[in-house]
Structure formats: C-alpha cells, structure tokens
$ cat start.csv   # CSV, C-alpha atoms (C1' of nucleotides)
chain,number,residue,atom,x,y,z
A,1,MET,CA,100.1,58.0,45.2
A,2,LYS,CA,102.9,60.3,46.0
A,3,VAL,CA,101.7,62.7,48.6
A,4,VAL,CA,103.0,65.8,50.4
A,5,PHE,CA,101.4,66.5,53.8
A,6,PHE,CA,100.9,69.9,55.2
A,7,GLY,CA,100.0,70.1,58.9
A,8,SER,CA,101.1,71.5,62.3
A,9,SER,CA,98.7,70.5,65.1
A,10,ASP,CA,99.2,67.4,67.2
A,11,PHE,CA,95.7,66.1,66.4
A,12,VAL,CA,96.5,65.7,62.7
A,13,ILE,CA,99.4,63.3,63.4
A,14,GLN,CA,97.0,60.4,63.1
A,15,VAL,CA,96.2,61.5,59.6
A,16,LEU,CA,99.9,61.7,58.7
A,17,GLU,CA,100.5,58.2,60.2
A,18,SER,CA,97.6,56.8,58.1
A,19,LEU,CA,98.9,58.4,54.9
A,20,ASN,CA,102.3,57.0,55.6
A,21,GLU,CA,100.8,53.5,55.6
A,22,THR,CA,98.6,53.8,52.6
A,23,GLN,CA,100.5,56.2,50.3
A,24,THR,CA,104.0,57.3,49.6
A,25,VAL,CA,104.6,60.4,51.7
A,26,LEU,CA,107.4,62.4,50.0
A,27,ALA,CA,107.7,65.2,52.5
A,28,VAL,CA,105.9,66.8,55.5
A,29,ILE,CA,105.5,70.6,55.4
A,30,THR,CA,104.9,72.3,58.8
A,31,THR,CA,105.2,75.8,60.2
A,32,PRO,CA,108.6,77.0,61.4
A,33,ASP,CA,109.9,76.4,64.9
A,34,ALA,CA,108.4,79.0,67.2
A,35,PRO,CA,109.7,80.4,70.5
A,36,VAL,CA,107.8,78.8,73.3
A,37,GLY,CA,107.7,79.5,77.0
A,38,ARG,CA,109.5,82.0,79.2
A,39,LYS,CA,112.9,80.9,77.9
A,40,LYS,CA,111.7,81.4,74.3
A,41,THR,CA,113.2,78.0,73.3
A,42,LEU,CA,112.6,77.2,69.7
A,43,THR,CA,110.2,74.4,69.6
A,44,GLU,CA,109.1,72.2,66.7
A,45,THR,CA,105.5,71.6,65.8
A,46,PRO,CA,104.1,68.3,67.0
A,47,VAL,CA,103.8,67.2,63.4
A,48,ALA,CA,107.5,67.9,62.8
A,49,GLU,CA,108.4,65.6,65.7
A,50,ALA,CA,106.1,62.9,64.5
A,51,ALA,CA,107.4,63.1,60.9
A,52,LYS,CA,111.0,62.6,62.2
A,53,LYS,CA,109.9,59.5,64.1
A,54,LEU,CA,108.5,58.2,60.8
A,55,LYS,CA,111.7,59.1,59.1
A,56,LEU,CA,110.0,61.5,56.7
A,57,PRO,CA,111.7,64.6,55.3
A,58,VAL,CA,110.4,67.8,57.1
A,59,LEU,CA,110.3,71.2,55.4
A,60,LYS,CA,109.5,74.4,57.2
A,61,PHE,CA,108.8,77.5,55.1
A,62,GLU,CA,108.7,81.0,56.5
A,63,SER,CA,106.7,82.0,53.4
A,64,LEU,CA,104.8,80.1,50.8
A,65,LYS,CA,104.9,83.0,48.3
A,66,THR,CA,108.6,82.9,47.5
A,67,VAL,CA,110.0,81.5,44.3
A,68,GLU,CA,112.4,79.3,46.3
A,69,THR,CA,109.5,77.7,48.1
A,70,LEU,CA,107.6,77.1,44.9
A,71,THR,CA,110.7,75.5,43.3
A,72,GLU,CA,111.3,73.2,46.2
A,73,LEU,CA,107.7,72.0,46.3
A,74,SER,CA,107.7,71.6,42.6
A,75,GLU,CA,110.8,69.5,42.6
A,76,LEU,CA,109.1,67.0,44.9
A,77,GLN,CA,107.0,65.9,41.9
A,78,ALA,CA,104.0,65.0,44.1
A,79,ASP,CA,100.7,63.7,42.7
A,80,ILE,CA,98.7,65.5,45.4
A,81,PHE,CA,99.0,67.7,48.4
A,82,VAL,CA,97.0,67.0,51.6
A,83,VAL,CA,96.5,69.9,54.0
A,84,ALA,CA,95.2,69.5,57.6
A,85,SER,CA,95.4,72.2,60.2
A,86,TYR,CA,98.5,73.7,58.7
A,87,GLY,CA,98.3,77.3,59.9
A,88,LYS,CA,99.1,79.3,56.7
A,89,ILE,CA,97.0,80.2,53.7
A,90,ILE,CA,98.2,78.4,50.6
A,91,PRO,CA,98.6,80.6,47.5
A,92,GLN,CA,97.1,79.7,44.1
A,93,THR,CA,100.6,79.1,42.6
A,94,ILE,CA,101.1,76.2,44.9
A,95,LEU,CA,97.6,74.9,44.5
A,96,ASN,CA,98.5,74.6,40.8
A,97,LEU,CA,101.5,72.3,41.3
A,98,PRO,CA,100.3,68.7,41.8
A,99,GLN,CA,98.4,67.0,39.0
A,100,PHE,CA,95.5,66.1,41.3
A,101,GLY,CA,95.5,69.4,43.1
A,102,VAL,CA,95.4,70.1,46.8
A,103,ILE,CA,92.9,68.7,49.2
A,104,ASN,CA,92.1,69.9,52.7
A,105,ILE,CA,90.5,68.3,55.7
A,106,HIS,CA,88.3,70.8,57.5
A,107,PRO,CA,86.7,69.9,60.8
A,108,SER,CA,83.2,71.2,60.2
A,109,LEU,CA,80.1,70.5,58.0
A,110,LEU,CA,81.1,73.0,55.3
A,111,PRO,CA,79.8,75.4,54.2
A,112,ILE,CA,79.2,76.0,57.9
A,113,TYR,CA,82.1,77.3,60.0
A,114,ARG,CA,84.7,78.2,57.4
A,115,GLY,CA,87.9,79.7,58.8
A,116,PRO,CA,90.4,79.0,61.5
A,117,THR,CA,88.3,77.9,64.5
A,118,PRO,CA,85.4,75.6,63.4
A,119,ILE,CA,85.7,73.2,66.3
A,120,GLN,CA,85.8,75.9,69.0
A,121,THR,CA,82.9,77.7,67.4
A,122,ALA,CA,80.7,74.6,67.3
A,123,LEU,CA,81.4,73.9,71.0
A,124,ARG,CA,81.0,77.5,72.0
A,125,ASN,CA,77.7,77.6,70.3
A,126,GLY,CA,76.6,74.5,72.1
A,127,ASP,CA,76.0,72.6,68.8
A,128,THR,CA,75.0,69.0,69.2
A,129,THR,CA,76.1,68.0,65.7
A,130,THR,CA,79.2,68.7,63.7
A,131,GLY,CA,81.4,66.8,61.2
A,132,VAL,CA,84.4,66.8,59.0
A,133,SER,CA,84.7,67.7,55.3
A,134,ILE,CA,87.2,67.0,52.6
A,135,ILE,CA,87.5,69.6,49.9
A,136,LYS,CA,89.5,70.3,46.9
A,137,MET,CA,91.2,73.6,47.7
A,138,ASP,CA,90.7,76.7,45.6
A,139,ALA,CA,91.9,80.3,46.1
A,140,GLU,CA,89.2,81.2,48.6
A,141,VAL,CA,89.5,80.0,52.2
A,142,ASP,CA,87.5,76.7,52.8
A,143,HIS,CA,85.6,77.4,49.6
A,144,GLY,CA,86.4,74.5,47.3
A,145,PRO,CA,84.1,71.7,46.2
A,146,LEU,CA,83.4,68.8,48.5
A,147,LEU,CA,84.9,65.4,48.0
A,148,GLY,CA,83.5,63.9,51.1
A,149,GLN,CA,81.8,64.7,54.4
A,150,THR,CA,80.6,62.9,57.5
A,151,SER,CA,78.7,64.1,60.5
A,152,THR,CA,78.8,63.1,64.2
A,153,ASN,CA,77.1,64.0,67.4
A,154,ILE,CA,78.9,66.2,69.9
A,155,GLU,CA,79.0,64.6,73.4
A,156,PRO,CA,77.7,67.0,76.1
A,157,ASN,CA,81.0,67.0,77.9
A,158,GLU,CA,83.3,66.8,74.9
A,159,THR,CA,86.1,69.3,74.9
A,160,PHE,CA,88.1,70.9,72.1
A,161,ARG,CA,90.9,68.4,72.3
A,162,GLY,CA,88.7,65.3,72.4
A,163,LEU,CA,86.5,66.5,69.6
A,164,SER,CA,89.5,67.5,67.4
A,165,LEU,CA,91.1,64.1,67.8
A,166,ARG,CA,87.8,62.4,67.0
A,167,LEU,CA,87.0,64.5,63.9
A,168,PHE,CA,90.4,64.0,62.3
A,169,GLY,CA,90.1,60.3,63.1
A,170,LEU,CA,86.8,60.3,61.3
A,171,SER,CA,88.4,62.0,58.3
A,172,ILE,CA,90.9,59.2,57.7
A,173,PRO,CA,88.5,56.8,55.8
A,174,LEU,CA,87.0,59.8,53.9
A,175,LEU,CA,90.5,60.9,52.9
A,176,ASN,CA,91.5,57.4,51.8
A,177,GLN,CA,88.3,57.2,49.7
A,178,ALA,CA,88.9,60.7,48.2
A,179,LEU,CA,92.5,59.8,47.3
A,180,SER,CA,91.6,56.6,45.5
A,181,GLU,CA,88.8,58.3,43.6
A,182,CYS,CA,91.2,61.0,42.5
A,183,GLU,CA,93.7,58.4,41.4
A,184,ALA,CA,91.0,56.4,39.5
A,185,GLY,CA,89.5,59.6,38.0
A,186,THR,CA,86.1,58.8,39.5
A,187,SER,CA,86.1,61.8,41.7
A,188,LYS,CA,82.9,63.8,41.7
A,189,PRO,CA,83.5,67.1,43.5
A,190,THR,CA,80.2,68.9,44.5
A,191,GLU,CA,80.1,72.7,44.8
A,192,GLN,CA,79.4,74.0,48.3
A,193,ASP,CA,76.2,75.8,49.0
A,194,HIS,CA,78.0,79.2,49.2
A,195,VAL,CA,74.9,81.2,50.1
A,196,ASN,CA,74.7,79.5,53.5
A,197,ALA,CA,78.4,79.7,54.3
A,198,THR,CA,79.3,81.0,57.8
A,199,PHE,CA,82.8,82.1,59.0
A,200,THR,CA,84.7,81.7,62.2
A,201,LYS,CA,87.2,84.1,63.7
A,202,SER,CA,90.5,83.4,65.2
A,203,LEU,CA,90.6,83.5,69.0
A,204,ALA,CA,92.3,86.0,71.3
A,205,LYS,CA,93.2,85.8,75.0
A,206,GLU,CA,90.2,87.9,75.9
A,207,ASP,CA,87.8,85.3,74.5
A,208,GLY,CA,88.6,83.2,77.5
A,209,GLN,CA,87.4,85.7,80.0
A,210,ILE,CA,84.2,84.7,81.8
A,211,ASP,CA,81.2,86.9,81.6
A,212,TRP,CA,79.5,85.8,84.8
A,213,SER,CA,76.2,87.2,83.7
A,214,GLU,CA,76.0,84.4,81.1
A,215,PRO,CA,74.1,81.3,82.2
A,216,ALA,CA,76.2,78.4,83.5
A,217,ASP,CA,75.7,76.2,80.5
A,218,LYS,CA,76.9,78.9,78.2
A,219,ILE,CA,80.0,79.3,80.3
A,220,PHE,CA,80.5,75.6,80.3
A,221,ASN,CA,80.4,75.6,76.5
A,222,GLN,CA,83.0,78.3,76.6
A,223,PHE,CA,85.1,76.1,78.8
A,224,ARG,CA,84.8,73.1,76.5
A,225,ALA,CA,85.6,75.2,73.4
A,226,TYR,CA,88.6,77.0,74.7
A,227,ASP,CA,90.1,74.2,76.8
A,228,PRO,CA,93.8,74.4,76.3
A,229,TRP,CA,93.8,77.9,74.8
A,230,PRO,CA,92.9,80.6,75.6
A,231,GLY,CA,91.4,78.7,78.5
A,232,LEU,CA,88.7,79.9,80.8
A,233,TRP,CA,89.7,82.7,83.2
A,234,THR,CA,88.4,85.3,85.5
A,235,LYS,CA,89.8,87.9,87.9
A,236,TRP,CA,89.9,87.4,91.6
A,237,ASP,CA,91.5,89.8,94.1
A,238,GLY,CA,93.3,91.6,91.2
A,239,GLN,CA,94.8,88.4,89.9
A,240,PHE,CA,94.2,86.1,87.0
A,241,LEU,CA,92.4,82.9,88.0
A,242,LYS,CA,92.3,80.1,85.5
A,243,ILE,CA,89.4,77.7,85.6
A,244,LEU,CA,91.0,74.4,84.7
A,245,ASP,CA,88.0,72.2,85.2
A,246,CYS,CA,84.3,72.9,86.0
A,247,LYS,CA,80.8,71.7,85.5
A,248,PRO,CA,77.3,73.3,85.5
A,249,SER,CA,75.5,72.7,88.8
A,250,ASP,CA,71.8,72.3,89.3
A,251,MET,CA,71.9,74.5,92.4
A,252,ALA,CA,70.1,77.9,92.0
A,253,SER,CA,71.1,81.1,93.7
A,254,LYS,CA,69.7,84.6,94.0
A,255,SER,CA,73.1,86.2,94.7
A,256,SER,CA,74.6,88.4,92.0
A,257,PRO,CA,76.6,86.9,89.2
A,258,GLY,CA,80.2,86.2,90.0
A,259,THR,CA,79.6,85.6,93.7
A,260,VAL,CA,81.4,82.5,95.1
A,261,ILE,CA,79.0,80.4,97.2
A,262,GLU,CA,79.2,77.4,99.4
A,263,PRO,CA,80.8,75.0,99.0
A,264,ASN,CA,82.6,75.6,95.7
A,265,SER,CA,80.4,77.2,93.1
A,266,VAL,CA,80.0,80.5,91.4
A,267,VAL,CA,76.7,82.3,90.6
A,268,CYS,CA,76.1,82.8,86.9
A,269,GLY,CA,73.4,84.5,84.9
A,270,ASN,CA,69.7,83.7,85.5
A,271,GLY,CA,70.4,82.3,89.0
A,272,THR,CA,72.3,79.4,87.5
A,273,THR,CA,75.6,78.2,89.1
A,274,LEU,CA,78.8,76.7,88.0
A,275,THR,CA,80.8,74.3,90.2
A,276,LEU,CA,84.5,74.7,90.1
A,277,ILE,CA,86.7,71.6,90.2
A,278,SER,CA,90.2,72.8,89.7
A,279,VAL,CA,91.8,76.3,89.4
A,280,GLN,CA,95.1,78.0,89.1
A,281,ILE,CA,95.9,81.4,90.5
A,282,GLU,CA,98.6,83.5,88.9
A,283,GLY,CA,102.1,82.4,89.9
A,284,LYS,CA,100.9,79.1,91.5
A,285,GLN,CA,100.5,75.5,90.6
A,286,PRO,CA,97.2,74.1,89.5
A,287,THR,CA,95.1,73.1,92.6
A,288,ASP,CA,91.9,71.3,93.2
A,289,ILE,CA,89.2,73.7,94.4
A,290,GLN,CA,89.0,72.2,98.0
A,291,SER,CA,92.8,72.8,98.5
A,292,PHE,CA,92.5,76.3,97.0
A,293,ILE,CA,89.7,77.2,99.4
A,294,ARG,CA,91.6,75.8,102.4
A,295,GLY,CA,94.5,78.2,101.6
A,296,HIS,CA,92.3,81.2,100.6
A,297,LYS,CA,89.7,81.5,103.2
A,298,SER,CA,88.2,84.7,101.8
A,299,PHE,CA,87.5,83.0,98.5
A,300,VAL,CA,84.0,81.8,99.4
A,301,GLY,CA,81.7,84.8,99.5
A,302,SER,CA,84.0,87.0,97.4
A,303,GLN,CA,83.2,88.4,93.9
A,304,LEU,CA,84.8,87.3,90.6
A,305,LEU,CA,85.0,89.8,87.8
B,1,C,C1',119.5,90.0,80.1
B,2,G,C1',111.1,91.0,77.9
B,3,C,C1',107.4,91.9,82.6
B,4,G,C1',105.8,89.6,87.2
B,5,G,C1',104.4,85.9,91.4
B,6,G,C1',106.3,82.0,94.3
B,7,G,C1',109.5,77.8,97.2
B,8,U,C1',107.3,76.9,105.2
B,9,A,C1',104.6,69.3,107.8
B,10,G,C1',101.7,64.5,102.9
B,11,A,C1',98.2,68.9,100.3
B,12,G,C1',96.7,74.0,100.2
B,13,C,C1',98.2,78.4,102.8
B,14,A,C1',99.5,81.9,107.5
B,15,A,C1',103.3,84.0,110.5
B,16,U,C1',102.4,91.8,112.7
B,17,U,C1',108.4,95.6,113.9
B,18,G,C1',113.6,90.5,113.0
B,19,G,C1',111.6,87.5,118.9
B,20,C,C1',108.8,79.9,121.1
B,21,A,C1',106.9,78.0,113.2
B,22,G,C1',101.0,78.1,113.0
B,23,C,C1',95.8,77.2,110.4
B,24,U,C1',92.5,74.1,107.4
B,25,C,C1',92.6,69.4,105.4
B,26,G,C1',94.8,64.7,105.2
B,27,C,C1',97.3,60.7,108.2
B,28,A,C1',97.7,57.5,113.1
B,29,A,C1',95.5,56.0,117.8
B,30,G,C1',91.4,56.3,121.0
B,31,G,C1',86.2,57.7,122.0
B,32,C,C1',80.9,58.6,120.7
B,33,U,C1',77.3,56.5,117.4
B,34,C,C1',72.7,51.7,114.5
B,35,A,C1',76.0,54.1,111.3
B,36,U,C1',79.1,57.7,108.4
B,37,A,C1',83.1,61.6,104.4
B,38,A,C1',79.8,63.7,110.7
B,39,C,C1',81.3,64.8,116.0
B,40,C,C1',85.0,64.8,120.5
B,41,U,C1',90.1,63.6,122.5
B,42,U,C1',95.1,62.7,121.7
B,43,G,C1',99.3,62.1,118.5
B,44,A,C1',103.0,61.7,114.6
B,45,G,C1',104.9,64.5,110.8
B,46,G,C1',109.9,70.6,109.7
B,47,U,C1',117.4,71.3,107.6
B,48,U,C1',111.1,77.2,106.6
B,49,C,C1',114.7,75.1,98.5
B,50,C,C1',120.5,75.4,98.8
B,51,C,C1',125.2,78.3,100.0
B,52,G,C1',127.2,82.5,102.4
B,53,G,C1',126.6,87.3,105.1
B,54,U,C1',124.4,90.9,109.0
B,55,U,C1',122.5,90.1,114.1
B,56,C,C1',122.2,88.4,121.0
B,57,G,C1',118.5,86.2,117.8
B,58,A,C1',116.7,85.3,110.6
B,59,A,C1',111.1,81.8,107.5
B,60,U,C1',111.6,87.3,107.8
B,61,C,C1',117.1,91.7,106.1
B,62,C,C1',121.6,91.5,102.3
B,63,G,C1',124.5,88.7,98.3
B,64,G,C1',124.9,84.4,95.2
B,65,G,C1',122.7,79.8,93.2
B,66,C,C1',118.7,76.1,92.0
B,67,C,C1',113.6,75.1,90.9
B,68,C,C1',108.1,76.0,90.0
B,69,C,C1',104.4,79.2,87.9
B,70,G,C1',101.4,83.6,85.6
B,71,C,C1',101.8,87.3,81.5
B,72,A,C1',104.0,88.2,76.9
B,73,A,C1',105.6,85.9,72.3
$ encode --input "start.csv" --output "structure tokens"
Amino acid sequence: MKVVFFGSSDFVIQVLESLNETQTVLAVITTPDAPVGRKKTLTETPVAEAAKKLKLPVLKFESLKTVETLTELSELQADIFVVASYGKIIPQTILNLPQFGVINIHPSLLPIYRGPTPIQTALRNGDTTTGVSIIKMDAEVDHGPLLGQTSTNIEPNETFRGLSLRLFGLSIPLLNQALSECEAGTSKPTEQDHVNATFTKSLAKEDGQIDWSEPADKIFNQFRAYDPWPGLWTKWDGQFLKILDCKPSDMASKSSPGTVIEPNSVVCGNGTTLTLISVQIEGKQPTDIQSFIRGHKSFVGSQLL
RNA sequence: CGCGGGGUAGAGCAAUUGGCAGCUCGCAAGGCUCAUAACCUUGAGGUUCCCGGUUCGAAUCCGGGCCCCGCAA
C-alpha cells in the first residue's frame, strides 16, 4: 500500500523503517525544526533525520489546518496514513483524505491512558502491565475503534525510554496485520469501551520535582517515568540538583524526609530511603555520587527540598 | 547579543585581604594482617583552559579568546 507516515520521536523510527520495507512510503510528515539548546540552533526531529537516510521525502507543516497543507497531502494520493508519536492533533479534513483512513499507534491499552503521556503515566503509577493499541483515528483524541492491541509486562526497572522502544517494537507486527486487513477489506474495527476511558496530561518541568515525603518506591517510579524529561530533580543549597540515576534502598531511617544519610541515600516518606547513584548540580557535569560527596563535604547530613 | 554557573593533579572539589597550590578519592612502592575495597608509612602526578595587562608578587584583579554545563525555549 501507499503510505504516508506521521511521526517525530526517535522511538518510532523503527516503525518507519519497518513500513519502508513492507509498504511504499510516499512521504514522512514530521513537526518543524525547533530551536534546541543555548544557541537555539534549529534541529530536525529524529524522524526527519532517519527519513533522509532512507531517502524518503520529508514534509514539515507548521499547521495542518491550512488549505495548502491539505492540498499537498491530498496530492500524495496515499492509500492510508500512519501516525505514531507525531505531536500535533490531526483535523478531520485530513482524516478524510486517504481511502483507508488514518491509523494511529498509541502506546497504552486503550481506552486506558488516552492523551499525550500514556507511557510516563503507566510508569509513574507503578503499573505492572501495559500495552500498545492500533486504532482507526476519528475526530476525538485516541477515541477511534481498535484494530489491534497487545499487552506486555512492565519490568520493575524499566524506564521511559526502554519501554517506549519496546512498545513501538511490539506495535510493528500489529501494524502489519492491520494494514493487510485494511487492504483485503477484512478489517473488523471494534469500538472502545468509552465509559472506562482515562486521560493523561502533558508534563511540565515541575512534575520532575521530588516530594521527599513520598515513599521511595513512588519516587523511583517518578524517576523511571520522567527519565530524560522533565527528569528527577530537587533543590540543594539553593541550587537545582538533578538525580540522574537512583534506586530504592532497603535501609530504613527515622530522620525527616529529605535528609541525606550515610553513605549516599536520602530519607523518603514512611522511613524508606532512596540510594543516589549519579547526580548533576546546576552548572556542573554529571558526576557519580561518590565523587559528588568527595567534593561537597556538607552534602551528607544536609536537607533536600 | 535571552538569564545564570563553571574551567586548579587521573576523578570530585578547596585555597581568607593578591603572599610557599591544598583536601578527599584513585594510582605507585613498602608495611601490618589468615585475609580484604580495611589500617599505617612513603611517593609520583600541575603551563591553575589560552593570550595580553596591572603588580615586588596573580589561581585570585582588568581586557580579549576558547570550551563545558544549568535555566529558558
């Protein structure tokens, strides 16, 4: 089939690569270059780079609602659009374009966790199971009928990045099946159980701040969920301190939450403790916790906010 | 010119008013020990990012440059 792929995040590149082998990919749609870093250098999305390597045409639309965009997409004459972690809401006029419609890969067991952060939310909540769903898109966000779904266990130490890669990997066979069923006309979309739908919110920087009164395993879930961004951070000595790696410890402590105790742990809620592994203070390079303590002798015994 | 922190031994960091460049760890050698990542002794390792200026004297003050990072986006 003639496919147009919509995507932006690096963990959906594998989906694009697979499509390129099994279908005819006419074009790749990704979000526009965004300024990145202190120098505000315009940077392409990872998907744009990958598409170039595959020698596929790349289109970047500021808005999907303009007549020009609609015309360009229409002229591609695609049979179907495939959307995975694209980053913009797709209006109904575009959903109407391809004869087989638009299908979306959503990394959750829909109708659970609709919205922008299903993977982070599952990890943050400490879920032990999740999955990936393929739906035929309709006007409402993550609302369309299911074309396929598979579930998987979440490993206790799995982080956002690892789980993202894994879920989109699992989606590839589902996607191939959905595409061939669409083509053969044997597709049997099943309506979602809308009554039980739940929604996720987009994240903010503040979501990464640690509340030390939470138990250590909850904070560890927060770490796993928000791994690259917004990350896990706290305040020490008036400065931001990023927690780059940590793990719950089986030590108990009666000190107040946020206290740094020997040799390298922090007291959390209910007397639980979290062992720090590597950190980064504002303005400095990432360092392992032993080095950090060597250089900041007042760290142990101090209070994190 | 968006805001801000920083560059000192292999690593992480100190150095008061401008006055012998230090601490913890690591490394090397030796010792102690049944033994050890423990302990004791000794040692090596520096163009204090680069260039220029002020000064009797600069890691420190001034000017210029390069590089790293946090925020923001």
$ closest_atom_pairs --input "start.csv" --of "chain B" --to "chain A" --cutoff "7 Å" --atoms "only C-alpha atoms (C1' of nucleotides)" --output "Markdown table"
| residue | atom | partner | partner_atom | distance |
| --- | --- | --- | --- | --- |
| B:G5 | C1' | A:Gly283 | CA | 4.4 |
| B:G6 | C1' | A:Gly283 | CA | 6.1 |
| B:A11 | C1' | A:Ser291 | CA | 6.9 |
| B:G12 | C1' | A:Ser291 | CA | 4.4 |
| B:C13 | C1' | A:Gly295 | CA | 3.9 |
| B:U24 | C1' | A:Arg294 | CA | 5.4 |
| B:C69 | C1' | A:Gly283 | CA | 4.4 |
| B:G70 | C1' | A:Glu282 | CA | 4.3 |
$ residues_near_point --input "start.csv" --point "(95.0, 81.9, 59.7)" --cutoff "12 Å" --atoms "only C-alpha atoms (C1' of nucleotides)" --output "ChimeraX atom specification"
/A:31,85-90,114-117,141-142,200-203
$ residues_around --input "start.csv" --residues "A:Phe5" --least-positions-apart "3" --cutoff "10 Å" --atoms "only C-alpha atoms (C1' of nucleotides)" --output "MDAnalysis selection string"
chainID A and resid 8 15:16 19:20 25:30 47 51 58 80:84 86 102:104
$ write_last_selection --input "start.csv" --atoms "C-alpha atoms" --output "compact mmCIF listing (two decimals), keeping the file's coordinate frame"
# COMPACT_ATOMS: atom_id res chain seq x y z
CA SER A 8 101.10 71.50 62.30
CA VAL A 15 96.20 61.50 59.60
CA LEU A 16 99.90 61.70 58.70
CA LEU A 19 98.90 58.40 54.90
CA ASN A 20 102.30 57.00 55.60
CA VAL A 25 104.60 60.40 51.70
CA LEU A 26 107.40 62.40 50.00
CA ALA A 27 107.70 65.20 52.50
CA VAL A 28 105.90 66.80 55.50
CA ILE A 29 105.50 70.60 55.40
CA THR A 30 104.90 72.30 58.80
CA VAL A 47 103.80 67.20 63.40
CA ALA A 51 107.40 63.10 60.90
CA VAL A 58 110.40 67.80 57.10
CA ILE A 80 98.70 65.50 45.40
CA PHE A 81 99.00 67.70 48.40
CA VAL A 82 97.00 67.00 51.60
CA VAL A 83 96.50 69.90 54.00
CA ALA A 84 95.20 69.50 57.60
CA TYR A 86 98.50 73.70 58.70
CA VAL A 102 95.40 70.10 46.80
CA ILE A 103 92.90 68.70 49.20
CA ASN A 104 92.10 69.90 52.70
$ residues_around --input "start.csv" --residues "stretch 154-167 of chain A" --least-positions-apart "2" --cutoff "12 Å" --atoms "only C-alpha atoms (C1' of nucleotides)" --output "MDAnalysis selection string"
chainID A and resid 9:15 84:85 105:109 117:134 149:152 169:174 217 220:231 245:248
$ residues_around --input "start.csv" --residues "B:G18" --least-positions-apart "4" --cutoff "8 Å" --atoms "all atoms listed in the file" --output "list in words"
A58, U60 and C61 of chain B
$ atom_distance --input "start.csv" --atom1 "atom C1' of B:A35" --atom2 "atom CA of A:Pro263"
24.7 Å
$ residues_around --input "start.csv" --residues "A:Glu181" --least-positions-apart "6" --cutoff "12 Å" --atoms "all atoms listed in the file" --output "number ranges by chain"
A: 1, 100, 147-148, 174-175, 187-189
$ atom_distance --input "start.csv" --atom1 "atom CA of A:Lys52" --atom2 "atom CA of A:Asp138"
29.8 Å
$ atom_distance --input "start.csv" --atom1 "atom CA of A:Ile94" --atom2 "atom CA of A:Leu179"
18.7 Å
$ closest_residue --input "start.csv" --among "B:A14, B:G45, B:G4, B:C40" --to "B:A28" --atoms "only C-alpha atoms (C1' of nucleotides)"
B:G45
